Amino acid sequence: MKRIFLFCASTVFLVYVLAPVAWLVSSSVQQEAEITSRPPHWIPREPTLENFEAIFAAKEKQVTYETRRQGDPATGGYIPSTARNLVPAMWNSLIVAVAVVILNLVVSVPAAYAMAKIRFVGRSASIYFMLTTRVIPDIALVVPFFFFIHKLGLLDHLGSLVITYLAITVPFGVFILVGYFESLPDELDKAARIDGCSRLQTLLRVYLPLAVPSLVAVVLFTFLTSWNEFLLALMFTQTPASQTMPIIVAAFTSDFTISFSFINAAGVLAVIPPVILAVVFERYIVSGLTAGAVKG
Amino acid sequence: MSQRSYRRREFLKASAAATLAGTGAFSLARQAFAADPINFFAWSAGVDQVKSHISAFEAKTGLKVAYNNAPWAQYRDTLVTKFVGRAPLDVLWVSDSWLPEWAEAGWLAPIDGYPQLLKYNADVDDFSTQSMMYKGKQYGLTYYTDYMGFFYDEDKLKKAGIGAPPKTWDEVVQQSLKIKKAGLAEYPLMLSMARETWLIEFLSAMVFSHGGRFVDDSGVAVMQDKKRGAHAALSWIVEAVNKHKIVSPACVEIGELNGLKAFTSGNHAFALLGRYRVRTLNDPKQSQIAGRVRQALMPAGPGGSHATVGWNRFYGLTSQAAANKEKAANAVKLIEWFGGKADGKYAFQKLMFMDVGSGFAVKPLFKDAEIIKAYQQYSDIGMYERQQALAKKKDVISPWFGEWDEVNGTAWQAAIVGKSSVDDALRKSADSWNKLRKQG
């Protein structure tokens, strides 16, 4: 009886979670008229790849009176020429996210190891200080960050996003990893040192192989944060040369004549990389996040 | 140990030096690449139309335009950050709601010194020009304008034996009661009174058509004065909901979009909506009452008129551009190209109307054959023009508007749902206005 109940509850929950995603995918290949039909067509009757063609087949060309895209103001169905910015935006998002992930690991792994295994004055204070930086809401950081980025001459440059996203993600990365490294016995550290390992060798050869679940958690958190971040990207980027997916997709929503199914096609592209990442690392996610949470 | 400390210190010094060197290098790089295009920032609407008009401008003048945009929802915050951070900005799309704030902050420059722009005022509806004025100075040229319209379902009126739409708010009551009695609609009038940015537009339309104002010319609150229209407007709504029951008490939960959907589904006979919605209302793909919706002049209250509220978006010139003679000259050329005439025609306003459906404030376009033909397919352009000529700008736009709007919206809603009297609601709103005004 309990198992049946659990099965039913799980099914309901699964439908609840997956239905919006299913609708996103389905409506992205529907005609504009079909997308607003009642009852909704979960399986498209006349599927079309028009939206994806507009995204992938579009060529860079100057927009003139003759080449501008027009639509029906009343019914939507309008795909702007900026559809061609989606693929570069995906690429920008990917570059930023991967760069932030790598640099985050380069900084947070040694930092976490040092904080977990080396006793020094102010060790606890430095951990808490790092965490308190995450208490400040991002909106309060926008103007100071903007000044900094402007001074660096990095406005409308992917570097601005990498720098600021690191400021956001490194404290969390260190926090997760400190907890995990602390849960590993100090004897490992001592044994490696007795065997002649340097600090760096101990970290790389002993601790890192044991810390894979936590590293995966940090990678996922960092990647998803960078991929989805909107506010700072909105402020620091201006042109398609540096704009990321959330900015390009959000820009479509301002135009009340734009095709809904086209926006949904853009949404499908936006969720693909995070979904792939989550599926690949699925078995490490929960263990990584809870690792070190309970000491025993 | 000391050697290790030394290394660590050396490392930190080297890192800091590298950072500073990097900062300098990037700064230099930035300066080296700083060409001087006209920096044009807008919200992301009509992007293709804007780009195509820019292409023509660049071809015509040889000037370059760096066009960027941000979503409407985040536009104000983005611009404020860029202003504070001194990002390069020359020409902007500005909402009339932000004008006092941006002008007071010194981010926008008046265009009074540019007669080549001011000459277009002669062709523009007065409320639109007034919407770009602050403390006696004009801050831009119009890009888009529209107003609150009064719409009715012709079929329902005919079925109820009504020959002509109402001319006064009293007639709205009488006709609504007739329609209600005939069983054609439970709540014949659709009014959106939910707390959202649209609310002030609905309230202003009601107040103006009752001959009223929220504040007088000197900026002092008059909304609480029983002889000044706002009182009559709120009293009318309260009676429509609670006494005549021709407006749903749920109106305080219905926003503009839901109101539109309710009207298109055939639930009502009358509606107050943005004028541009008429195309949707008469589109068979989106509306069950398509082909039956007509626009009438805003009904007049006792001692009032057919006045309504209009809103405006415009091209603004930034103070940083105005401070540089050459930049200002180029920026003004761009503003004229978009907000004035391009090659002797109001090309951009027409483009936006034909492609995107945006309303315009330049009166000569009402005589444009293509525009007339396009608009007549779903509504009456004569009515569009007549009502727009009676539109007024909101009188409450001020640096403290946002804060007051919260209090005012809550006060009107409280009166509508019977939690406060009309007198108390308007006194509360007036007190809030005067207090905020005193604080500056």
# chains A, B, ... in the order shown; residues from 1 in each chain; ligands from 1

call {"tool": "interface_residues", "arguments": {"of": "chain B", "to": "chain A", "cutoff": "6 Å", "atoms": "only C-alpha atoms", "output": "JSON, numbers by chain"}}
result
{"B": [23, 26, 27, 30, 44, 45, 48, 51, 52, 55, 68, 71, 72, 78, 85, 279, 280, 355, 356, 357]}

call {"tool": "residues_around", "arguments": {"residues": "stretch 86-93 of chain A", "least_positions_apart": "6", "cutoff": "9 Å", "atoms": "only C-alpha atoms", "output": "list in words"}}
result
Ile55, Phe56, Leu158, Ser226, Trp227, Asn228, Pro240, Ala241, Ser242, Gln243, Thr244, Met245, Pro246, Ile247, Ile248, Val249, Ala266, Leu269 and Ala270 of chain A

call {"tool": "atom_distance", "arguments": {"atom1": "atom CA of A:Pro44", "atom2": "atom CA of A:Lys59"}}
result
28.0 Å

call {"tool": "atom_distance", "arguments": {"atom1": "atom CA of B:Tyr139", "atom2": "atom CA of B:Tyr315"}}
result
8.1 Å

call {"tool": "select_by_dssp", "arguments": {"residues": "stretch 266-377 of chain B", "states": "strand (DSSP E or B)", "output": "PyMOL selection string"}}
result
chain B and resi 270-274+293-296+300+308-318+342+345+362

call {"tool": "write_last_selection", "arguments": {"atoms": "C-alpha atoms", "output": "compact mmCIF listing (two decimals), in the first residue's frame"}}
result
# COMPACT_ATOMS: atom_id res chain seq x y z
CA PHE B 270 -17.98 48.08 -22.29
CA ALA B 271 -14.29 48.28 -21.46
CA LEU B 272 -11.54 50.77 -20.75
CA LEU B 273 -8.35 49.61 -22.47
CA GLY B 274 -5.24 50.97 -24.10
CA VAL B 293 -15.81 46.11 -31.06
CA ARG B 294 -16.10 49.84 -31.64
CA GLN B 295 -14.38 52.73 -30.00
CA ALA B 296 -16.37 55.65 -28.59
CA ALA B 300 -18.01 62.48 -19.74
CA THR B 308 -8.72 60.77 -21.41
CA VAL B 309 -5.17 60.09 -20.29
CA GLY B 310 -2.30 59.68 -22.73
CA TRP B 311 1.21 58.39 -22.26
CA ASN B 312 4.37 59.05 -24.14
CA ARG B 313 7.82 57.57 -24.81
CA PHE B 314 10.45 59.76 -26.32
CA TYR B 315 14.01 60.22 -27.54
CA GLY B 316 16.10 61.89 -24.86
CA LEU B 317 19.51 63.50 -25.11
CA THR B 318 21.94 62.69 -22.31
CA ALA B 342 13.77 61.52 -42.15
CA LYS B 345 8.79 62.18 -43.93
CA VAL B 362 2.52 63.27 -35.15

call {"tool": "atom_distance", "arguments": {"atom1": "atom CA of A:Ile35", "atom2": "atom CA of A:Ser261"}}
result
6.9 Å
